[in-house]
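**Q** One file: query06.txt (compact mmCIF, C-alpha atoms).
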```txt
# COMPACT_ATOMS: atom_id res chain seq x y z
CA MET A 2 0.00 0.00 0.00
CA SER A 3 1.21 3.51 -0.79
CA PRO A 4 1.74 5.72 2.26
CA ARG A 5 -0.97 8.22 3.16
CA PRO A 6 -0.09 11.76 2.03
CA ALA A 7 1.19 14.23 4.59
CA ARG A 8 -1.38 16.15 6.59
CA ARG A 9 -2.82 19.06 4.62
CA ARG A 10 -2.18 22.50 6.07
CA VAL A 11 -5.50 24.29 6.46
CA ALA A 12 -6.49 27.91 7.05
CA VAL A 13 -9.93 29.29 7.83
CA ILE A 14 -11.20 32.68 6.70
CA GLY A 15 -13.91 33.89 9.05
CA THR A 16 -14.18 32.59 12.60
CA GLY A 17 -17.90 33.00 13.32
CA ALA A 18 -20.49 30.42 14.29
CA ILE A 19 -20.40 28.31 11.11
CA VAL A 20 -16.61 27.93 11.28
CA SER A 21 -16.37 27.30 15.02
CA GLY A 22 -19.51 25.16 15.12
CA SER A 23 -19.17 23.10 11.93
CA HIS A 24 -15.78 23.45 10.23
CA LEU A 25 -13.68 23.16 13.37
CA PRO A 26 -15.34 19.87 14.46
CA ALA A 27 -14.85 18.56 10.91
CA LEU A 28 -11.15 19.43 11.02
CA ARG A 29 -10.81 17.73 14.41
CA HIS A 30 -12.53 14.61 13.10
CA HIS A 31 -9.99 14.45 10.25
CA ALA A 32 -7.02 15.41 12.44
CA ASP A 33 -4.98 12.55 10.98
CA ARG A 34 -5.32 14.17 7.53
CA VAL A 35 -5.33 17.92 8.21
CA GLU A 36 -3.64 20.47 10.44
CA LEU A 37 -5.27 23.84 11.15
CA VAL A 38 -2.42 26.36 10.91
CA ALA A 39 -4.05 29.77 10.48
CA ALA A 40 -7.23 31.77 10.93
CA VAL A 41 -8.33 35.11 9.50
CA ASP A 42 -10.93 37.53 10.87
CA VAL A 43 -11.23 41.32 10.69
CA ASP A 44 -12.61 41.28 14.25
CA GLN A 45 -9.59 40.86 16.51
CA ALA A 46 -11.64 39.86 19.55
CA ARG A 47 -13.51 37.18 17.62
CA LEU A 48 -10.23 35.96 16.13
CA ASP A 49 -8.63 35.71 19.57
CA ALA A 50 -11.64 33.78 20.92
CA PHE A 51 -11.45 31.34 18.01
CA ARG A 52 -7.73 30.79 18.45
CA GLU A 53 -8.28 30.03 22.12
CA LEU A 54 -10.90 27.47 21.09
CA ALA A 55 -8.88 25.99 18.20
CA GLY A 56 -5.48 25.87 19.84
CA GLU A 57 -2.53 28.15 20.46
CA ASP A 58 -0.61 26.84 17.44
CA VAL A 59 -3.12 28.48 15.07
CA ALA A 60 -1.64 31.72 13.74
CA GLY A 61 -4.00 34.69 13.61
CA TYR A 62 -4.35 37.28 10.84
CA THR A 63 -6.72 40.15 10.13
CA SER A 64 -5.87 40.17 6.41
CA THR A 65 -6.53 37.33 3.96
CA GLY A 66 -3.68 38.49 1.73
CA ASP A 67 -1.19 38.58 4.59
CA MET A 68 -2.21 35.08 5.67
CA LEU A 69 -1.93 33.62 2.17
CA ASP A 70 1.50 35.22 1.64
CA ALA A 71 2.86 34.04 4.98
CA VAL A 72 1.28 30.60 5.34
CA ARG A 73 0.68 29.25 1.81
CA PRO A 74 -1.93 26.71 3.03
CA ASP A 75 -2.94 23.63 1.06
CA LEU A 76 -6.64 24.13 1.78
CA VAL A 77 -8.68 27.19 2.73
CA LEU A 78 -12.11 27.00 4.37
CA ILE A 79 -14.23 30.14 3.90
CA GLY A 80 -17.05 31.05 6.28
CA THR A 81 -17.52 34.79 5.72
CA PRO A 82 -20.59 36.73 4.48
CA PRO A 83 -21.46 35.86 0.84
CA SER A 84 -20.31 39.15 -0.71
CA LEU A 85 -16.71 38.28 0.24
CA HIS A 86 -16.69 34.74 -1.16
CA ARG A 87 -15.62 35.42 -4.74
CA GLU A 88 -12.70 37.68 -3.83
CA GLN A 89 -11.44 35.41 -1.06
CA THR A 90 -11.88 32.24 -3.14
CA VAL A 91 -10.01 33.68 -6.12
CA ALA A 92 -7.19 34.90 -3.86
CA ALA A 93 -6.82 31.47 -2.26
CA LEU A 94 -6.84 29.71 -5.64
CA LYS A 95 -4.17 32.06 -6.98
CA ALA A 96 -2.09 31.30 -3.89
CA GLY A 97 -2.18 27.60 -4.81
CA ALA A 98 -4.75 26.44 -2.27
CA TRP A 99 -7.86 24.34 -2.73
CA VAL A 100 -11.00 25.96 -1.34
CA LEU A 101 -14.11 24.79 0.49
CA CYS A 102 -16.50 27.74 0.76
CA GLU A 103 -19.83 28.15 2.47
CA LYS A 104 -22.90 28.58 0.28
CA PRO A 105 -23.53 30.47 -1.83
CA LEU A 106 -20.09 30.17 -3.39
CA CYS A 107 -20.68 33.58 -4.96
CA LEU A 108 -23.47 36.04 -5.77
CA SER A 109 -23.96 35.47 -9.50
CA LEU A 110 -23.06 33.32 -12.48
CA ALA A 111 -20.65 36.05 -13.61
CA GLU A 112 -18.80 35.77 -10.30
CA TYR A 113 -18.81 32.00 -10.61
CA ASP A 114 -17.14 32.22 -14.00
CA ASP A 115 -14.43 34.41 -12.44
CA ILE A 116 -13.79 31.59 -9.95
CA ALA A 117 -13.74 29.01 -12.76
CA ALA A 118 -11.14 31.08 -14.62
CA ALA A 119 -9.00 31.26 -11.47
CA GLU A 120 -9.30 27.48 -11.08
CA GLU A 121 -8.10 26.92 -14.62
CA ALA A 122 -5.20 29.32 -14.24
CA SER A 123 -4.05 27.90 -10.90
CA GLY A 124 -4.78 24.19 -11.31
CA THR A 125 -6.55 24.21 -7.96
CA TYR A 126 -10.24 23.74 -7.15
CA ALA A 127 -13.06 25.48 -5.28
CA SER A 128 -15.94 23.50 -3.77
CA VAL A 129 -19.11 24.85 -2.19
CA VAL A 130 -20.50 23.49 1.07
CA PHE A 131 -23.56 21.37 0.21
CA GLN A 132 -23.21 18.89 3.05
CA HIS A 133 -26.62 17.23 2.54
CA ARG A 134 -25.22 15.34 -0.45
CA TYR A 135 -22.73 13.49 1.70
CA GLY A 136 -24.85 11.69 4.27
CA SER A 137 -25.10 7.94 3.71
CA GLY A 138 -28.86 8.22 3.19
CA ALA A 139 -28.39 10.63 0.28
CA VAL A 140 -25.61 8.50 -1.24
CA HIS A 141 -27.87 5.44 -1.05
CA ALA A 142 -30.88 7.23 -2.55
CA ARG A 143 -28.81 8.55 -5.45
CA GLU A 144 -27.48 5.08 -6.22
CA LEU A 145 -30.99 3.60 -6.23
CA ILE A 146 -32.42 6.32 -8.47
CA ALA A 147 -29.47 6.39 -10.88
CA SER A 148 -29.50 2.61 -11.26
CA GLY A 149 -33.20 2.60 -12.13
CA GLU A 150 -33.98 0.36 -9.17
CA LEU A 151 -36.87 2.60 -8.07
CA GLY A 152 -38.19 3.01 -11.61
CA ALA A 153 -38.37 6.22 -13.60
CA PRO A 154 -38.63 9.43 -11.53
CA LEU A 155 -42.01 11.05 -12.15
CA VAL A 156 -42.97 13.66 -9.53
CA ALA A 157 -40.91 15.49 -6.91
CA HIS A 158 -41.47 17.99 -4.10
CA CYS A 159 -38.64 20.04 -2.57
CA GLN A 160 -39.54 22.07 0.52
CA THR A 161 -37.49 24.40 2.70
CA THR A 162 -40.02 26.08 4.96
CA TRP A 163 -38.15 27.83 7.75
CA HIS A 164 -38.80 30.85 9.98
CA ARG A 165 -36.67 33.96 10.42
CA ASP A 166 -37.78 37.01 12.41
CA ALA A 167 -36.94 40.69 12.09
CA GLY A 168 -33.96 40.24 14.38
CA TYR A 169 -32.37 37.87 11.89
CA TYR A 170 -32.54 40.55 9.21
CA ALA A 171 -31.17 43.24 11.55
CA VAL A 172 -27.70 41.92 10.65
CA PRO A 173 -26.60 44.55 8.09
CA TRP A 174 -25.57 42.23 5.27
CA ARG A 175 -28.74 40.12 5.28
CA GLY A 176 -31.64 40.76 2.94
CA ARG A 177 -29.55 42.84 0.54
CA TRP A 178 -28.64 41.78 -2.98
CA ALA A 179 -25.12 43.21 -2.88
CA SER A 180 -24.13 41.40 0.30
CA GLU A 181 -26.28 38.24 0.46
CA GLY A 182 -27.14 37.68 -3.21
CA GLY A 183 -30.80 36.92 -2.56
CA GLY A 184 -33.32 35.74 0.01
CA PRO A 185 -34.26 32.18 1.04
CA THR A 186 -33.68 30.95 -2.53
CA MET A 187 -29.95 31.68 -2.21
CA GLY A 188 -29.45 31.47 1.53
CA HIS A 189 -31.74 28.70 2.77
CA GLY A 190 -33.49 26.57 0.15
CA ILE A 191 -30.34 26.21 -1.93
CA HIS A 192 -29.26 23.25 0.22
CA GLN A 193 -32.45 21.35 -0.47
CA PHE A 194 -32.74 22.02 -4.20
CA ASP A 195 -29.05 21.22 -4.60
CA LEU A 196 -29.87 17.79 -3.17
CA LEU A 197 -32.85 17.54 -5.53
CA LEU A 198 -30.55 18.22 -8.50
CA HIS A 199 -28.02 15.76 -7.12
CA LEU A 200 -30.67 13.02 -7.05
CA LEU A 201 -32.61 13.80 -10.26
CA GLY A 202 -29.94 15.21 -12.56
CA PRO A 203 -30.25 18.12 -15.00
CA TRP A 204 -33.41 20.21 -15.23
CA ALA A 205 -34.79 21.58 -18.48
CA GLU A 206 -37.48 24.24 -17.88
CA MET A 207 -38.71 26.37 -14.99
CA ARG A 208 -41.57 28.69 -14.08
CA ALA A 209 -41.56 30.55 -10.77
CA MET A 210 -42.98 33.19 -8.44
CA ALA A 211 -41.43 35.20 -5.60
CA ALA A 212 -42.66 37.77 -3.09
CA ARG A 213 -41.81 39.97 -0.14
CA LEU A 214 -44.72 39.22 2.15
CA VAL A 215 -43.41 40.06 5.62
CA HIS A 216 -39.82 41.27 5.82
CA ASP A 217 -38.48 44.68 4.84
CA THR A 218 -35.74 43.36 2.58
CA GLU A 219 -34.51 44.02 -0.95
CA SER A 220 -34.77 40.34 -1.83
CA GLU A 221 -37.67 37.90 -1.50
CA ASP A 222 -38.81 36.15 1.67
CA VAL A 223 -40.60 33.35 -0.22
CA SER A 224 -40.24 31.77 -3.65
CA THR A 225 -41.84 28.86 -5.48
CA ALA A 226 -41.00 27.08 -8.70
CA LEU A 227 -42.36 24.47 -11.09
CA VAL A 228 -39.57 22.53 -12.77
CA ARG A 229 -39.36 20.03 -15.62
CA PHE A 230 -36.30 17.78 -15.54
CA GLU A 231 -34.52 16.35 -18.57
CA ASN A 232 -35.72 12.88 -17.58
CA GLY A 233 -39.32 14.12 -17.78
CA ALA A 234 -40.01 14.37 -14.04
CA LEU A 235 -41.97 17.38 -12.77
CA ALA A 236 -41.10 19.04 -9.46
CA THR A 237 -42.29 21.77 -7.12
CA VAL A 238 -39.80 23.80 -5.10
CA VAL A 239 -40.71 26.03 -2.12
CA ASN A 240 -38.24 28.28 -0.28
CA SER A 241 -39.62 30.21 2.70
CA VAL A 242 -38.51 32.03 5.86
CA LEU A 243 -42.14 32.69 6.85
CA SER A 244 -43.09 29.26 8.18
CA PRO A 245 -43.62 28.76 11.95
CA HIS A 246 -43.49 24.97 11.59
CA GLU A 247 -39.97 24.56 10.26
CA VAL A 248 -39.15 21.56 8.08
CA SER A 249 -36.92 20.52 5.20
CA ARG A 250 -38.52 17.90 3.01
CA LEU A 251 -37.76 16.08 -0.21
CA ARG A 252 -40.09 13.59 -1.87
CA ILE A 253 -39.51 11.79 -5.17
CA ASP A 254 -42.23 9.55 -6.61
CA CYS A 255 -40.76 7.01 -9.00
CA ALA A 256 -42.61 4.33 -10.95
CA ASP A 257 -41.82 1.66 -8.35
CA ALA A 258 -41.38 3.61 -5.11
CA THR A 259 -41.66 6.89 -3.26
CA VAL A 260 -38.54 8.05 -1.45
CA GLU A 261 -38.99 10.71 1.23
CA LEU A 262 -36.56 12.71 3.36
CA THR A 263 -37.85 14.80 6.26
CA HIS A 264 -35.44 16.71 8.52
CA LEU A 265 -34.48 20.29 9.36
CA TYR A 266 -30.77 21.13 9.19
CA GLY A 267 -29.27 17.68 8.66
CA HIS A 268 -30.27 14.07 8.06
CA ARG A 269 -29.41 10.55 9.14
CA ASN A 270 -30.45 7.21 7.64
CA GLU A 271 -33.60 7.09 9.76
CA ASP A 272 -34.87 10.26 8.09
CA TRP A 273 -35.22 8.48 4.73
CA VAL A 274 -38.37 6.43 4.04
CA TYR A 275 -39.08 4.17 1.04
CA THR A 276 -42.64 3.22 0.14
CA PRO A 277 -42.97 0.54 -2.57
CA ALA A 278 -45.67 0.67 -5.23
CA PRO A 279 -48.37 -2.02 -4.83
CA HIS A 280 -46.86 -4.17 -7.58
CA VAL A 281 -43.38 -4.37 -6.00
CA PRO A 282 -42.54 -7.65 -4.18
CA SER A 283 -41.64 -7.20 -0.52
CA GLU A 284 -38.22 -8.81 -0.90
CA ARG A 285 -37.28 -6.21 -3.52
CA ALA A 286 -38.40 -3.35 -1.27
CA THR A 287 -36.42 -4.77 1.64
CA ALA A 288 -33.24 -4.25 -0.35
CA TRP A 289 -33.93 -0.51 -0.50
CA ARG A 290 -33.48 -0.01 3.21
CA THR A 291 -30.82 2.48 4.11
CA PRO A 292 -27.32 1.08 4.64
CA ALA A 293 -26.06 -0.30 7.94
CA THR A 294 -23.44 2.43 8.24
CA ASP A 295 -25.08 5.70 9.30
CA VAL A 296 -23.13 8.76 8.14
CA PRO A 297 -24.97 11.99 9.03
CA SER A 298 -25.00 14.77 6.47
CA SER A 299 -22.35 17.15 7.74
CA HIS A 300 -19.32 19.29 7.05
CA THR A 301 -17.31 16.36 8.37
CA ALA A 302 -18.58 14.05 5.64
CA GLN A 303 -18.01 16.61 2.89
CA LEU A 304 -14.51 17.44 4.10
CA GLY A 305 -13.63 13.74 3.97
CA ALA A 306 -14.81 13.54 0.35
CA LEU A 307 -12.78 16.62 -0.55
CA LEU A 308 -9.64 15.23 1.09
CA ASP A 309 -10.09 11.98 -0.83
CA ALA A 310 -10.15 13.99 -4.06
CA TYR A 311 -7.11 15.99 -2.97
CA ASP A 312 -5.18 12.81 -2.22
CA ASN A 313 -6.07 11.43 -5.66
CA GLY A 314 -5.42 14.68 -7.53
CA VAL A 315 -8.91 14.85 -9.03
CA ARG A 316 -11.63 17.50 -9.08
CA PRO A 317 -13.55 17.34 -5.79
CA PRO A 318 -17.32 16.86 -5.66
CA GLY A 319 -19.34 20.05 -5.35
CA SER A 320 -17.08 22.03 -7.66
CA GLY A 321 -16.88 22.98 -11.33
CA PRO A 322 -19.92 22.45 -13.57
CA ASP A 323 -21.60 20.58 -10.72
CA ALA A 324 -21.54 23.64 -8.45
CA ARG A 325 -22.41 26.00 -11.28
CA ALA A 326 -25.56 24.01 -12.07
CA THR A 327 -27.00 24.76 -8.63
CA LEU A 328 -26.25 28.47 -8.99
CA ASP A 329 -27.78 28.41 -12.47
CA PHE A 330 -30.94 26.90 -10.96
CA ALA A 331 -31.15 29.80 -8.48
CA ALA A 332 -30.58 32.40 -11.19
CA ALA A 333 -33.23 30.78 -13.37
CA LEU A 334 -35.72 30.79 -10.50
CA TYR A 335 -35.23 34.52 -10.00
CA LYS A 336 -35.46 35.23 -13.73
CA ALA A 337 -38.62 33.16 -14.13
CA ALA A 338 -40.19 34.75 -11.05
CA PHE A 339 -39.33 38.36 -11.88
CA THR A 340 -40.10 38.22 -15.61
CA GLY A 341 -43.12 35.91 -15.45
CA ARG A 342 -41.73 33.86 -18.31
CA PRO A 343 -40.41 30.28 -18.47
CA VAL A 344 -36.64 29.88 -18.32
CA HIS A 345 -34.64 27.06 -19.87
CA ALA A 346 -31.50 25.58 -18.35
CA GLY A 347 -28.30 27.23 -19.52
CA GLU A 348 -29.91 30.27 -21.12
CA ILE A 349 -28.46 32.77 -18.64
CA GLY A 350 -25.06 33.91 -19.86
CA PRO A 351 -23.09 37.07 -20.65
CA GLY A 352 -25.47 39.74 -21.89
CA ASP A 353 -28.41 38.45 -19.87
CA PRO A 354 -29.29 40.87 -17.01
CA PHE A 355 -29.56 37.93 -14.60
CA TYR A 356 -25.95 36.89 -15.34
CA PRO A 357 -24.20 39.62 -13.27
CA ALA A 358 -26.87 39.84 -10.54
CA MET A 359 -29.66 37.63 -9.30
CA HIS A 360 -32.12 40.56 -9.32
CA GLY A 361 -31.56 41.03 -13.06
CA ASP A 362 -31.83 44.81 -12.58
CA HIS A 363 -35.59 44.33 -12.55
CA PRO A 364 -37.34 47.63 -11.67
CA HIS A 365 -39.41 46.08 -8.87
CA TRP A 366 -36.53 44.09 -7.36
CA ALA A 367 -33.21 45.83 -8.04
CA PRO A 368 -31.66 47.74 -5.11
CA LYS A 369 -32.92 51.30 -4.77
CA GLU A 370 -30.71 54.33 -4.34
CA ARG A 371 -30.37 55.14 -0.64
CA ALA A 372 -30.53 58.71 0.57
```
I need this file expressed as structure tokens, please.

**A**
Amino acid sequence: MSPRPARRRVAVIGTGAIVSGSHLPALRHHADRVELVAAVDVDQARLDAFRELAGEDVAGYTSTGDMLDAVRPDLVLIGTPPSLHREQTVAALKAGAWVLCEKPLCLSLAEYDDIAAAEEASGTYASVVFQHRYGSGAVHARELIASGELGAPLVAHCQTTWHRDAGYYAVPWRGRWASEGGGPTMGHGIHQFDLLLHLLGPWAEMRAMAARLVHDTESEDVSTALVRFENGALATVVNSVLSPHEVSRLRIDCADATVELTHLYGHRNEDWVYTPAPHVPSERATAWRTPATDVPSSHTAQLGALLDAYDNGVRPPGSGPDARATLDFAAALYKAAFTGRPVHAGEIGPGDPFYPAMHGDHPHWAPKERA
């Protein structure tokens, strides 16, 4: 057997709740494969608190550029507000590091293409955090659907109905196109419809609606979509921050079975349910049960998959065209909702107003001049 590669030197940019609560535990779980060597935060007090939590050997910086110049990490984890993602990701790629960035990876398809160009120039890769793909239940469901074992996919429902109050939007960068990139479509439901795309494959056509019903934000607080997939399946997608009973749900009705996932912020095997069609023999349905090994969807699981790709020198999952497809879905939802017209996959490119910004400079949705 070939020896395991040396531990990868990792830096984090941003030391807030998502990094301390999710990325740091993932790094500790993979401590035999990674070493956290540096952290960046513009808030010195928050940086100091993180370093005390992470360990005294973690160097602290208030500048991303200074950290990259001094440390030259192998891998950079980014957990800053969305408006900073493109700049920080491109800088890390140019410095020779791989990147794992919180969603959304960037604010528009134009920004994504900047990241893709930096990837090509540097030979390194940027992945976006879509941890729901990596739980064992999701892996198992994808294998069953892709193999045809459940029959042809026919109907799907994708639901992210969460609740956020006015206090949530009091954070200055939230609810604004320039800093968050959108509302629950970009910041909340994107996890669930990314998993839908992961399970069903490419989509073909979309119609949508969006509204600001409660919150005083530039972007929407609810959106809905009707989607036709290339395989012929039809799906509904709902993204809401107005829902007192919070739930994340995915249901796919195939010719031979219904597969359902119900959870909130993460899933285990027990959250997946398979219901066979009446004509399916019981012994066949028994084989669909989720695997014996229970891997929760998590940053830990995704980091392991990325490190496997790094060790093998191949593009990691959740990057490249795969990541762009999820952002394209979001852009298409906004375009369909704001224009009232159907949108086809891949039609948004340079020259389209929805290419540089998710609001498409629409008069009812674009940011207004502030006095």

**Q** So what do you get for CA of Thr327 (chain A) versus CA of Ala157 (chain A), distance-wise?

**A**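 Those two atoms sit 16.8 Å apart.
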
**Q** Skipping near chain neighbours, those fewer than 3 positions away, what residues fall within 9 Å of Thr276 (chain A) using all atoms listed in the file, listed as a PyMOL selection string?

**A** chain A and resi 257-261+286

**Q** Pick out the closest residue to Val129 (chain A) from this set: A:Ile79, A:Val43, A:Ala142, A:Ala333. Count all atoms listed in the file.

**A**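 The closest residue to Val129 (chain A) is A:Ile79.
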
**Q** List every protein, DNA or RNA residue with an atom no more than 6 Å from (-12.0, 31.5, 2.7) in the file's coordinates, counting only C-alpha atoms, and format the result as a VMD selection string.

**A** chain A and resid 13 to 14 77 to 79 89 to 90

**Q** Could you check which of A:Leu48, A:Val20, A:Cys255, A:Leu328 is closest to Leu145 (chain A), using only C-alpha atoms?

**A**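 Closest to Leu145 (chain A), using only C-alpha atoms: A:Cys255.
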
**Q** Using all atoms listed in the file, can you list as a PyMOL selection string the residues within 12 Å of (-43.2, -7.2, -10.2)?

**A** chain A and resi 150-152+256-257+277-286

**Q** Taking into account all atoms listed in the file, which residue in the set A:Lys369, A:Arg47, A:Lys95, A:Arg29 is nearest to Tyr62 (chain A)?

**A**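 Closest residue, counting all atoms listed in the file: A:Arg47.
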
**Q** Counting only C-alpha atoms, which of A:Ala122, A:Gly138, A:Arg325, A:Arg252 gets nearest to Gly350 (chain A)?

**A**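 Closest to Gly350 (chain A) of all the choices is A:Arg325.
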
**Q** Can you sort out region 287-296 of chain A so it carries all heavy atoms, written as a CSV table (one decimal), keeping the file's coordinate frame?

**A**
```
chain,number,residue,atom,x,y,z
A,287,THR,N,-37.3,-4.6,0.5
A,287,THR,CA,-36.4,-4.8,1.6
A,287,THR,C,-35.0,-4.4,1.3
A,287,THR,O,-34.3,-3.8,2.1
A,287,THR,CB,-36.4,-6.2,2.1
A,287,THR,OG1,-37.8,-6.6,2.5
A,287,THR,CG2,-35.5,-6.4,3.3
A,288,ALA,N,-34.6,-4.6,0.1
A,288,ALA,CA,-33.2,-4.2,-0.4
A,288,ALA,C,-33.0,-2.7,-0.4
A,288,ALA,O,-31.9,-2.3,-0.6
A,288,ALA,CB,-32.9,-4.9,-1.7
A,289,TRP,N,-34.1,-2.0,-0.4
A,289,TRP,CA,-33.9,-0.5,-0.5
A,289,TRP,C,-33.6,0.1,0.8
A,289,TRP,O,-33.3,1.3,0.9
A,289,TRP,CB,-35.2,0.1,-1.0
A,289,TRP,CG,-35.6,-0.3,-2.4
A,289,TRP,CD1,-34.9,-0.9,-3.3
A,289,TRP,CD2,-37.0,-0.3,-2.9
A,289,TRP,NE1,-35.6,-1.2,-4.4
A,289,TRP,CE2,-36.9,-0.8,-4.2
A,289,TRP,CE3,-38.2,0.2,-2.5
A,289,TRP,CZ2,-38.0,-0.9,-5.0
A,289,TRP,CZ3,-39.3,0.1,-3.3
A,289,TRP,CH2,-39.2,-0.4,-4.6
A,290,ARG,N,-33.7,-0.6,1.9
A,290,ARG,CA,-33.5,0.0,3.2
A,290,ARG,C,-32.1,0.7,3.3
A,290,ARG,O,-31.2,0.2,2.7
A,290,ARG,CB,-33.6,-1.1,4.3
A,290,ARG,CG,-35.0,-1.6,4.5
A,290,ARG,CD,-35.1,-2.7,5.5
A,290,ARG,NE,-36.4,-3.2,5.7
A,290,ARG,CZ,-36.7,-4.3,6.3
A,290,ARG,NH1,-35.8,-5.1,6.9
A,290,ARG,NH2,-38.0,-4.7,6.4
A,291,THR,N,-32.1,1.7,4.0
A,291,THR,CA,-30.8,2.5,4.1
A,291,THR,C,-29.7,1.6,4.7
A,291,THR,O,-29.9,0.7,5.4
A,291,THR,CB,-31.0,3.7,5.0
A,291,THR,OG1,-31.6,3.3,6.2
A,291,THR,CG2,-31.8,4.8,4.3
A,292,PRO,N,-28.4,1.9,4.3
A,292,PRO,CA,-27.3,1.1,4.6
A,292,PRO,C,-27.1,1.0,6.1
A,292,PRO,O,-27.5,1.8,6.9
A,292,PRO,CB,-26.1,1.8,3.9
A,292,PRO,CG,-26.6,3.1,3.7
A,292,PRO,CD,-28.0,3.1,3.5
A,293,ALA,N,-26.3,-0.1,6.5
A,293,ALA,CA,-26.1,-0.3,7.9
A,293,ALA,C,-25.2,0.8,8.5
A,293,ALA,O,-25.4,1.2,9.7
A,293,ALA,CB,-25.4,-1.6,8.1
A,294,THR,N,-24.3,1.3,7.8
A,294,THR,CA,-23.4,2.4,8.2
A,294,THR,C,-24.2,3.7,8.1
A,294,THR,O,-24.8,4.1,7.1
A,294,THR,CB,-22.2,2.5,7.4
A,294,THR,OG1,-21.4,1.3,7.5
A,294,THR,CG2,-21.3,3.7,7.9
A,295,ASP,N,-24.3,4.5,9.2
A,295,ASP,CA,-25.1,5.7,9.3
A,295,ASP,C,-24.1,6.9,9.4
A,295,ASP,O,-23.5,7.2,10.4
A,295,ASP,CB,-26.0,5.7,10.5
A,295,ASP,CG,-27.0,6.8,10.5
A,295,ASP,OD1,-27.0,7.6,9.6
A,295,ASP,OD2,-27.8,6.9,11.5
A,296,VAL,N,-24.0,7.6,8.2
A,296,VAL,CA,-23.1,8.8,8.1
A,296,VAL,C,-24.0,10.0,8.1
A,296,VAL,O,-24.7,10.2,7.0
A,296,VAL,CB,-22.2,8.7,6.9
A,296,VAL,CG1,-21.3,10.0,6.8
A,296,VAL,CG2,-21.3,7.5,7.0
```
